[in-house]
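To start, the structure itself, in structure tokens.
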Amino acid sequence: MPDKVALDLQQRLGELLGTARALDARRRAALEGMRQSLAEYRELGGALLRLRRQAPVQPALNGEHRAFSLAQRYELSQRELEVALLLADGRSNVEIAAAVKVSTHTARHHTQHVLGKLGVPSRSRAAALINDFLSKTTDGTGTSK
């Protein structure tokens with residue numbers, strides 16, 4: 001009888017080992033699928049970042065061509081243009097953050113980028129430059145009015 005018990009145990013152990021191998025194969029397949037999904041996710045994220053960087057600033061529908069010209073002249077993104085216009089209005093980073101619905105920390109970074117692109121050391125100089133740029137209008141011949 002001990003031989004029958006040993007055979008039953010051996011058979012049961014073989015079944016368990018087969019189940020463990022099948023589960024391990026499924027785990028490996030799922031892990032590979034997750035790796036592929038993560039690689040695709042990263043690739044899509046990179047593509048989205050590249051598209052955002054390449055997207056031109058669109059002029060406002062209400063004819064804000066001077067603001068669009070400012071963005072083109074200083075290579076400002078749409079968000080940077082929003083921040084620049086708020087800076088020109090004398091807004092603080094807290095007010096800018098609330099207006100564009102970002103954190104104060106993010107607003108500070110946007111402000112720093114705008115100052116860098118405008119080539120000015122301070123918010124007041126940025127405001128003066130932006131307001132001066134926006135106050136100039138041309139009559140189509142390239143001369144200011």
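Residues in the structure tokens are named by chain (A, B, ... in the order shown) and by number from 1 within that chain; ligands are numbered from 1 in the order shown.
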Just the residues within 9 Å of Ser135 (chain A), please, counting only C-alpha atoms, with nothing from its chain fewer than 4 positions along; format it as a short mmCIF file (atom, residue, chain, number, x, y, z; two decimals) with N, CA, C and O atoms, in the first residue's frame.
```cif
data_model
loop_
_atom_site.label_atom_id
_atom_site.label_comp_id
_atom_site.auth_asym_id
_atom_site.auth_seq_id
_atom_site.Cartn_x
_atom_site.Cartn_y
_atom_site.Cartn_z
N ARG A 66 -1.34 91.45 -33.28
CA ARG A 66 -0.12 91.96 -32.64
C ARG A 66 0.40 90.95 -31.62
O ARG A 66 1.60 90.73 -31.52
N ILE A 130 6.72 94.11 -23.79
CA ILE A 130 5.48 93.56 -24.37
C ILE A 130 4.49 94.68 -24.67
O ILE A 130 3.91 94.74 -25.77
N ASN A 131 4.30 95.56 -23.72
CA ASN A 131 3.34 96.66 -23.93
C ASN A 131 3.79 97.57 -25.07
O ASN A 131 2.97 98.03 -25.87
#
```
Pull the helix (DSSP H, G or I) assignments for region 16-112 of chain A out of DSSP run on the backbone, and list those residues as number ranges by chain.
A: 16-54, 65-74, 78-88, 93-100, 104-112
Using only C-alpha atoms, what does the table of region 97-125 of chain A residues within 12 Å of region 71-80 of chain A look like, with each row giving the shortest atom pair and its distance in Å to one decimal, sorted by chain and ascending number, as a Markdown table?
```
| residue | atom | partner | partner_atom | distance |
| --- | --- | --- | --- | --- |
| A:Ala97 | CA | A:Arg79 | CA | 11.4 |
| A:Ala99 | CA | A:Arg79 | CA | 11.2 |
| A:Val100 | CA | A:Arg79 | CA | 8.2 |
| A:Lys101 | CA | A:Arg79 | CA | 11.0 |
| A:Val102 | CA | A:Arg79 | CA | 10.7 |
| A:Thr106 | CA | A:Arg79 | CA | 11.1 |
| A:Ala107 | CA | A:Glu80 | CA | 9.6 |
| A:Arg108 | CA | A:Glu80 | CA | 11.2 |
| A:His109 | CA | A:Glu80 | CA | 9.9 |
| A:His110 | CA | A:Glu80 | CA | 6.2 |
| A:Thr111 | CA | A:Glu80 | CA | 7.6 |
| A:Gln112 | CA | A:Glu80 | CA | 9.7 |
| A:His113 | CA | A:Glu80 | CA | 7.5 |
| A:Val114 | CA | A:Glu80 | CA | 6.0 |
| A:Leu115 | CA | A:Glu80 | CA | 9.8 |
| A:Gly116 | CA | A:Tyr74 | CA | 9.7 |
| A:Lys117 | CA | A:Tyr74 | CA | 6.0 |
| A:Leu118 | CA | A:Tyr74 | CA | 6.2 |
| A:Gly119 | CA | A:Tyr74 | CA | 9.2 |
| A:Val120 | CA | A:Tyr74 | CA | 11.7 |
```
Taking all heavy atoms for each residue, export the selection above as a compact mmCIF listing (two decimals), in the first residue's frame.
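Dumped to result38.txt:
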```txt
# COMPACT_ATOMS: atom_id res chain seq x y z
N ALA A 97 -1.16 81.93 -12.36
CA ALA A 97 -1.51 80.52 -12.12
C ALA A 97 -3.03 80.34 -12.13
O ALA A 97 -3.55 79.40 -12.74
CB ALA A 97 -0.92 80.05 -10.80
N ALA A 99 -5.24 82.31 -13.56
CA ALA A 99 -5.79 82.63 -14.88
C ALA A 99 -5.62 81.50 -15.88
O ALA A 99 -6.51 81.24 -16.69
CB ALA A 99 -5.15 83.91 -15.41
N VAL A 100 -4.46 80.84 -15.86
CA VAL A 100 -4.21 79.77 -16.83
C VAL A 100 -4.41 78.37 -16.25
O VAL A 100 -4.14 77.38 -16.90
CB VAL A 100 -2.81 79.89 -17.49
CG1 VAL A 100 -2.70 81.16 -18.29
CG2 VAL A 100 -1.71 79.79 -16.47
N LYS A 101 -4.89 78.34 -14.98
CA LYS A 101 -5.26 77.09 -14.31
C LYS A 101 -4.08 76.11 -14.20
O LYS A 101 -4.18 74.96 -14.62
CB LYS A 101 -6.45 76.46 -15.00
CG LYS A 101 -7.68 77.32 -14.92
CD LYS A 101 -8.88 76.67 -15.54
CE LYS A 101 -10.09 77.51 -15.26
NZ LYS A 101 -10.68 78.18 -16.29
N VAL A 102 -2.97 76.61 -13.66
CA VAL A 102 -1.81 75.78 -13.35
C VAL A 102 -1.37 76.10 -11.93
O VAL A 102 -1.88 77.03 -11.30
CB VAL A 102 -0.63 76.01 -14.33
CG1 VAL A 102 -1.01 75.62 -15.75
CG2 VAL A 102 -0.15 77.45 -14.28
N THR A 106 4.35 76.10 -11.54
CA THR A 106 4.36 76.03 -13.00
C THR A 106 4.29 77.42 -13.61
O THR A 106 4.98 77.71 -14.59
CB THR A 106 3.19 75.16 -13.49
OG1 THR A 106 3.32 73.85 -12.92
CG2 THR A 106 3.17 75.05 -15.01
N ALA A 107 3.49 78.29 -13.02
CA ALA A 107 3.40 79.67 -13.52
C ALA A 107 4.77 80.36 -13.42
O ALA A 107 5.16 81.10 -14.32
CB ALA A 107 2.36 80.45 -12.73
N ARG A 108 5.48 80.10 -12.34
CA ARG A 108 6.82 80.69 -12.17
C ARG A 108 7.75 80.20 -13.28
O ARG A 108 8.51 80.97 -13.86
CB ARG A 108 7.39 80.33 -10.80
CG ARG A 108 8.75 80.96 -10.54
CD ARG A 108 9.22 80.59 -9.16
NE ARG A 108 9.25 79.15 -9.05
CZ ARG A 108 10.29 78.45 -8.62
NH1 ARG A 108 11.37 79.05 -8.23
NH2 ARG A 108 10.23 77.15 -8.57
N HIS A 109 7.68 78.90 -13.59
CA HIS A 109 8.52 78.37 -14.68
C HIS A 109 8.16 78.99 -16.03
O HIS A 109 9.04 79.34 -16.81
CB HIS A 109 8.43 76.84 -14.75
CG HIS A 109 9.27 76.16 -13.73
ND1 HIS A 109 10.63 76.06 -13.83
CD2 HIS A 109 8.93 75.58 -12.56
CE1 HIS A 109 11.10 75.44 -12.78
NE2 HIS A 109 10.09 75.13 -11.99
N HIS A 110 6.86 79.12 -16.30
CA HIS A 110 6.43 79.76 -17.55
C HIS A 110 6.96 81.20 -17.60
O HIS A 110 7.44 81.66 -18.64
CB HIS A 110 4.91 79.77 -17.67
CG HIS A 110 4.30 78.44 -17.97
ND1 HIS A 110 4.81 77.56 -18.90
CD2 HIS A 110 3.20 77.83 -17.45
CE1 HIS A 110 4.06 76.48 -18.94
NE2 HIS A 110 3.07 76.62 -18.07
N THR A 111 6.87 81.90 -16.48
CA THR A 111 7.35 83.28 -16.43
C THR A 111 8.85 83.34 -16.71
O THR A 111 9.31 84.20 -17.48
CB THR A 111 7.04 83.89 -15.04
OG1 THR A 111 5.63 83.85 -14.84
CG2 THR A 111 7.52 85.32 -14.94
N GLN A 112 9.60 82.44 -16.12
CA GLN A 112 11.05 82.40 -16.36
C GLN A 112 11.36 82.13 -17.83
O GLN A 112 12.27 82.74 -18.39
CB GLN A 112 11.71 81.33 -15.48
CG GLN A 112 11.72 81.71 -14.00
CD GLN A 112 12.19 80.56 -13.12
OE1 GLN A 112 12.23 79.41 -13.53
NE2 GLN A 112 12.52 80.90 -11.88
N HIS A 113 10.60 81.24 -18.45
CA HIS A 113 10.80 80.95 -19.87
C HIS A 113 10.51 82.18 -20.72
O HIS A 113 11.24 82.48 -21.67
CB HIS A 113 9.93 79.79 -20.32
CG HIS A 113 10.38 78.47 -19.79
ND1 HIS A 113 9.86 77.28 -20.21
CD2 HIS A 113 11.29 78.14 -18.86
CE1 HIS A 113 10.43 76.28 -19.57
NE2 HIS A 113 11.30 76.79 -18.74
N VAL A 114 9.44 82.89 -20.39
CA VAL A 114 9.08 84.10 -21.13
C VAL A 114 10.19 85.14 -20.99
O VAL A 114 10.63 85.74 -21.98
CB VAL A 114 7.72 84.67 -20.66
CG1 VAL A 114 7.48 86.06 -21.24
CG2 VAL A 114 6.59 83.73 -21.07
N LEU A 115 10.66 85.37 -19.77
CA LEU A 115 11.74 86.34 -19.55
C LEU A 115 12.98 85.96 -20.37
O LEU A 115 13.62 86.82 -20.98
CB LEU A 115 12.10 86.44 -18.06
CG LEU A 115 11.03 86.98 -17.12
CD1 LEU A 115 11.54 86.98 -15.69
CD2 LEU A 115 10.58 88.36 -17.52
N GLY A 116 13.30 84.68 -20.38
CA GLY A 116 14.45 84.21 -21.15
C GLY A 116 14.29 84.44 -22.65
O GLY A 116 15.21 84.90 -23.32
N LYS A 117 13.11 84.11 -23.17
CA LYS A 117 12.88 84.29 -24.60
C LYS A 117 12.85 85.76 -24.99
O LYS A 117 13.26 86.12 -26.09
CB LYS A 117 11.60 83.58 -25.03
CG LYS A 117 11.76 82.06 -25.07
CD LYS A 117 10.53 81.39 -25.64
CE LYS A 117 10.75 79.90 -25.78
NZ LYS A 117 9.62 79.24 -26.41
N LEU A 118 12.35 86.61 -24.10
CA LEU A 118 12.33 88.04 -24.39
C LEU A 118 13.70 88.68 -24.18
O LEU A 118 13.95 89.78 -24.66
CB LEU A 118 11.30 88.75 -23.50
CG LEU A 118 9.84 88.37 -23.69
CD1 LEU A 118 8.96 89.11 -22.69
CD2 LEU A 118 9.37 88.64 -25.11
N GLY A 119 14.58 87.97 -23.45
CA GLY A 119 15.92 88.48 -23.21
C GLY A 119 15.95 89.63 -22.21
O GLY A 119 16.76 90.55 -22.35
N VAL A 120 15.07 89.57 -21.24
CA VAL A 120 15.02 90.63 -20.22
C VAL A 120 15.24 90.01 -18.83
O VAL A 120 14.88 88.86 -18.60
CB VAL A 120 13.67 91.40 -20.26
CG1 VAL A 120 13.52 92.17 -21.56
CG2 VAL A 120 12.49 90.46 -20.06
```
Please indicate the distance in Å from CA of Ala128 (chain A) to CA of Gly90 (chain A), rounded to one decimal place.
9.9 Å
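CA of Leu87 (chain A) to CA of Arg125 (chain A) spans 10.0 Å [interatomic distance, one decimal].
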Which residue, A:Gln54, A:Ile96, A:Leu70, A:Arg28, has the smallest gap to Leu129 (chain A) when you use only C-alpha atoms?
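The closest residue to Leu129 (chain A) is A:Leu70.
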